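K.L.:
Have a look at the structure that comes next, please.
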Amino acid sequence: MRKSISIIFVLVLALSACNSSGVEVMSRYGNTIDDFEVTNQNEETFTKADMEGKVWLLDFIFTNCATVCPPMTANMTQVVNELEDKGIEDYGVLSFSVDPKTDSPEVLTDYLSYYDVPESTEWQMVTGYDYDFIRNFAENNFKTIVAPPPEGSNQVTHGISFYLIDQNGKIIKDYAGVDTGDTEFALDDIVSDVETLVEEGPE
């Protein structure tokens with residue numbers, strides 16, 4: 001009897017160790033990102049299938065943003081530079097414009113050129129859809145809001161999180177894209193989680 005209990009205990013410890021070795025999926029996620037077809041800053045088609053086999057960091061921004069988007073993009077640039085310094089490959093960044101009417105591929109290219117992004121980084125800035133698409137895509141996949149500008153303004157309301165997506169398109173967790181209230185931009189955590197997923201692969 002004692003031997004059986006000991007074996008069970010060892011198995012539980014082993015399973016716990018396996019579960020804790022990867023990046024834990026947040027309870028509100030674990031869903032797989034919906035299919036999509038968009039246009040990137042190079043005027044090329046980009047789809048969910050193009051994400052396969054890589055770890056991705058995803059966010060929602062727009063180039064006319066007067067508040068959170070510039071610091072979000074600056075913070076994401078810090079992430080990719082840290083990953084570059086560590087020699088981490090097989091990951092990418094995917095930024096969806098929440099103002100696709102304004103953000104043409106040319107505008108997105110110009111926007112990203114202001115940031116010190118390593119040449120080897122795959123950073124897809126995407127547009128080429130309507131407002132209804134991006135609102136539903138953000139809400140259905142990431143449980144976040146995209147709302148039109150109030151009257152007399154051109155500022156779209158949107159979430160400020162970065163989202164971690166594994167090699168199979170599963171949404172793993174989110175992070176604050178900027179410091180806000182009691183929540184800080186967790187550079188080290190993001191870099192560590194991307195590195196772990198790249199090295200260990202999806203569950």
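Just so we're on the same page: first chain in the structure tokens is A, next is B, and so on; residues restart at 1 for each chain, and ligands are numbered from 1 in the order they show up.
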Excluding A:Pro148 and residues on its chain fewer than 2 positions from it, collect all residues at most 12 Å away from it, counting only C-alpha atoms, and give them as a ChimeraX atom specification.

P.N.:
/A:98-101,130-132,134-135,145-146,150-158

K.L.:
Just the selected residues (N, CA and C atoms), exported as a CSV table (one decimal), in the first residue's frame, please.

P.N.:
```csv
chain,number,residue,atom,x,y,z
A,98,VAL,N,-6.1,49.3,-36.1
A,98,VAL,CA,-7.5,49.5,-35.8
A,98,VAL,C,-8.1,50.7,-36.5
A,99,ASP,N,-7.3,51.3,-37.4
A,99,ASP,CA,-7.8,52.3,-38.3
A,99,ASP,C,-7.3,52.0,-39.7
A,100,PRO,N,-7.9,50.9,-40.3
A,100,PRO,CA,-7.4,50.5,-41.6
A,100,PRO,C,-7.7,51.4,-42.7
A,101,LYS,N,-8.7,52.3,-42.6
A,101,LYS,CA,-9.0,53.3,-43.6
A,101,LYS,C,-7.9,54.3,-43.8
A,130,ASP,N,-12.1,46.0,-43.1
A,130,ASP,CA,-12.9,47.1,-42.7
A,130,ASP,C,-13.0,47.1,-41.1
A,131,TYR,N,-13.7,48.1,-40.7
A,131,TYR,CA,-13.8,48.3,-39.2
A,131,TYR,C,-14.5,47.1,-38.5
A,132,ASP,N,-15.5,46.6,-39.2
A,132,ASP,CA,-16.3,45.5,-38.6
A,132,ASP,C,-15.4,44.3,-38.4
A,134,ILE,N,-12.1,44.2,-37.8
A,134,ILE,CA,-11.1,44.3,-36.7
A,134,ILE,C,-11.8,44.4,-35.4
A,135,ARG,N,-13.0,44.9,-35.3
A,135,ARG,CA,-13.7,45.0,-34.1
A,135,ARG,C,-14.1,43.5,-33.6
A,145,ILE,N,-11.5,45.3,-26.8
A,145,ILE,CA,-12.4,46.2,-27.4
A,145,ILE,C,-11.7,47.0,-28.5
A,146,VAL,N,-12.4,47.2,-29.6
A,146,VAL,CA,-12.1,48.2,-30.6
A,146,VAL,C,-13.3,49.1,-30.9
A,150,PRO,N,-14.9,59.0,-31.0
A,150,PRO,CA,-16.1,59.8,-30.7
A,150,PRO,C,-16.2,60.9,-31.7
A,151,GLU,N,-17.4,61.5,-31.7
A,151,GLU,CA,-17.6,62.6,-32.7
A,151,GLU,C,-16.6,63.7,-32.5
A,152,GLY,N,-16.0,64.1,-33.6
A,152,GLY,CA,-15.0,65.2,-33.6
A,152,GLY,C,-13.6,64.8,-33.4
A,153,SER,N,-13.4,63.5,-33.3
A,153,SER,CA,-12.1,62.9,-33.0
A,153,SER,C,-11.7,61.9,-34.0
A,154,ASN,N,-10.4,61.6,-34.1
A,154,ASN,CA,-9.9,60.5,-35.0
A,154,ASN,C,-9.2,59.5,-34.2
A,155,GLN,N,-9.4,59.5,-32.9
A,155,GLN,CA,-8.8,58.5,-32.0
A,155,GLN,C,-9.6,57.3,-31.7
A,156,VAL,N,-9.2,56.2,-32.2
A,156,VAL,CA,-9.9,54.9,-32.0
A,156,VAL,C,-9.6,54.4,-30.6
A,157,THR,N,-10.6,53.8,-29.9
A,157,THR,CA,-10.4,53.2,-28.6
A,157,THR,C,-10.0,51.7,-28.8
A,158,HIS,N,-9.0,51.3,-28.2
A,158,HIS,CA,-8.5,49.9,-28.4
A,158,HIS,C,-7.7,49.4,-27.1
```

K.L.:
Would you give me, as a PyMOL selection string, the residues in stretch 12-203 of chain A that DSSP reads as helix (DSSP H, G or I)?

P.N.:
chain A and resi 12-21+48-51+69-86+105-112+131-142+187-200

K.L.:
In Å, rounded to a single decimal, give me how far atom CA of A:Val126 is from atom CA of A:Asn40.

P.N.:
4.2 Å

K.L.:
For stretch 169-173 of chain A, find every residue with an atom within 7 Å (counting only C-alpha atoms), except residues of its own chain fewer than 3 positions away, and show them as a PyMOL selection string.

P.N.:
chain A and resi 25-26+29-33+52+163-166

K.L.:
Please measure the separation of atom CA of A:Phe60 and atom CA of A:Val117, giving the value in Å to one decimal.

P.N.:
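If I compute the distance from atom CA of A:Phe60 to atom CA of A:Val117, I get 17.7 Å.
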
K.L.:
Check the smallest atom-to-atom distance from each of A:Leu94, A:Met125, A:Ala138, A:Ile190 to A:Thr109 using only C-alpha atoms, then report the winner.

P.N.:
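Answer, going by the shortest atom-to-atom distance: A:Met125.
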
K.L.:
According to DSSP computed on the backbone, where in stretch 92-201 of chain A is there strand (DSSP E or B)? Give the residues as a list in words.

P.N.:
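These are the residues in question: Gly92, Val93, Leu94, Ser95, Phe96, Ser97, Trp123, Gln124, Met125, Val126, Thr127, Val146, Ala147, Thr157, His158, Ser161, Phe162, Tyr163, Leu164, Ile165, Lys170, Ile171, Ile172, Lys173, Asp174, Tyr175, Ala176, Thr180 and Thr183 of chain A.
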
K.L.:
Restricting the calculation to only C-alpha atoms, which member of A:Val38, A:Ala186, A:Val191, A:Cys65 is positioned closest to A:Thr127?

P.N.:
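Smallest separation from A:Thr127 among the options: A:Val38.
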
K.L.:
I want to know what sits within 6 Å of stretch 177-185 of chain A, based on only C-alpha atoms, with residues of the same chain fewer than 6 positions away left out; could you give that as a ChimeraX atom specification?

P.N.:
/A:72,160-162

K.L.:
Suppose we keep C-alpha atoms; can you now write the selection as a PDB file, in the first residue's frame?

P.N.:
```pdb
ATOM      1  CA  MET A  72       3.504  50.437 -27.109  1.00  0.00           C
ATOM      2  CA  ILE A 160      -3.133  48.090 -24.932  1.00  0.00           C
ATOM      3  CA  SER A 161      -2.067  44.475 -24.371  1.00  0.00           C
ATOM      4  CA  PHE A 162       0.552  42.356 -26.080  1.00  0.00           C
TER       5      PHE A 162
END
```

K.L.:
Return the single residue from A:Val194, A:Pro105, A:Pro70, A:Leu58 that is closest to A:Thr45, with distances computed using only C-alpha atoms.

P.N.:
A:Pro105

K.L.:
Considering only C-alpha atoms, return as a ChimeraX atom specification whatever protein or nucleic-acid residues lie within 12 Å of A:Gly87, sequence-local ones (same chain, fewer than 6 positions apart) excluded.

P.N.:
/A:80-81,118,120-121,191,194-195,198-199

K.L.:
To one decimal in Å, tell me the separation between atom CA of A:Tyr115 and atom CA of A:Asp103.

P.N.:
16.9 Å

K.L.:
Neighbours of A:Phe46 within 9 Å (only C-alpha atoms; same-chain residues fewer than 3 positions away dropped), as number ranges by chain?

P.N.:
A: 36-40, 49-51, 124, 126

K.L.:
Skip A:Gln167 itself and residues of its chain fewer than 5 positions away, then list as a list in words all residues within 10 Å of it, counting only C-alpha atoms.

P.N.:
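The residues that qualify are Met51, Glu52, Gly53, Lys54, Val55, Trp56, Asp90, Tyr91, Leu197, Val198, Gly201, Pro202 and Glu203 of chain A.
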
K.L.:
Include C-alpha atoms and write out the residues we just selected as an mmCIF file, in the first residue's frame.

P.N.:
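Output file selection.cif follows:
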```
data_model
loop_
_atom_site.group_PDB
_atom_site.id
_atom_site.type_symbol
_atom_site.label_atom_id
_atom_site.label_comp_id
_atom_site.auth_asym_id
_atom_site.auth_seq_id
_atom_site.Cartn_x
_atom_site.Cartn_y
_atom_site.Cartn_z
ATOM 1 C CA MET A 51 1.977 32.177 -38.669
ATOM 2 C CA GLU A 52 2.457 28.418 -38.423
ATOM 3 C CA GLY A 53 5.654 27.193 -36.805
ATOM 4 C CA LYS A 54 6.563 30.505 -35.148
ATOM 5 C CA VAL A 55 5.863 32.163 -31.827
ATOM 6 C CA TRP A 56 4.086 35.506 -32.236
ATOM 7 C CA ASP A 90 11.512 31.603 -35.027
ATOM 8 C CA TYR A 91 9.276 34.328 -33.654
ATOM 9 C CA LEU A 197 8.067 28.765 -26.249
ATOM 10 C CA VAL A 198 10.633 28.925 -29.051
ATOM 11 C CA GLY A 201 7.622 24.298 -28.503
ATOM 12 C CA PRO A 202 3.851 24.182 -27.955
ATOM 13 C CA GLU A 203 2.174 21.718 -25.588
#
```
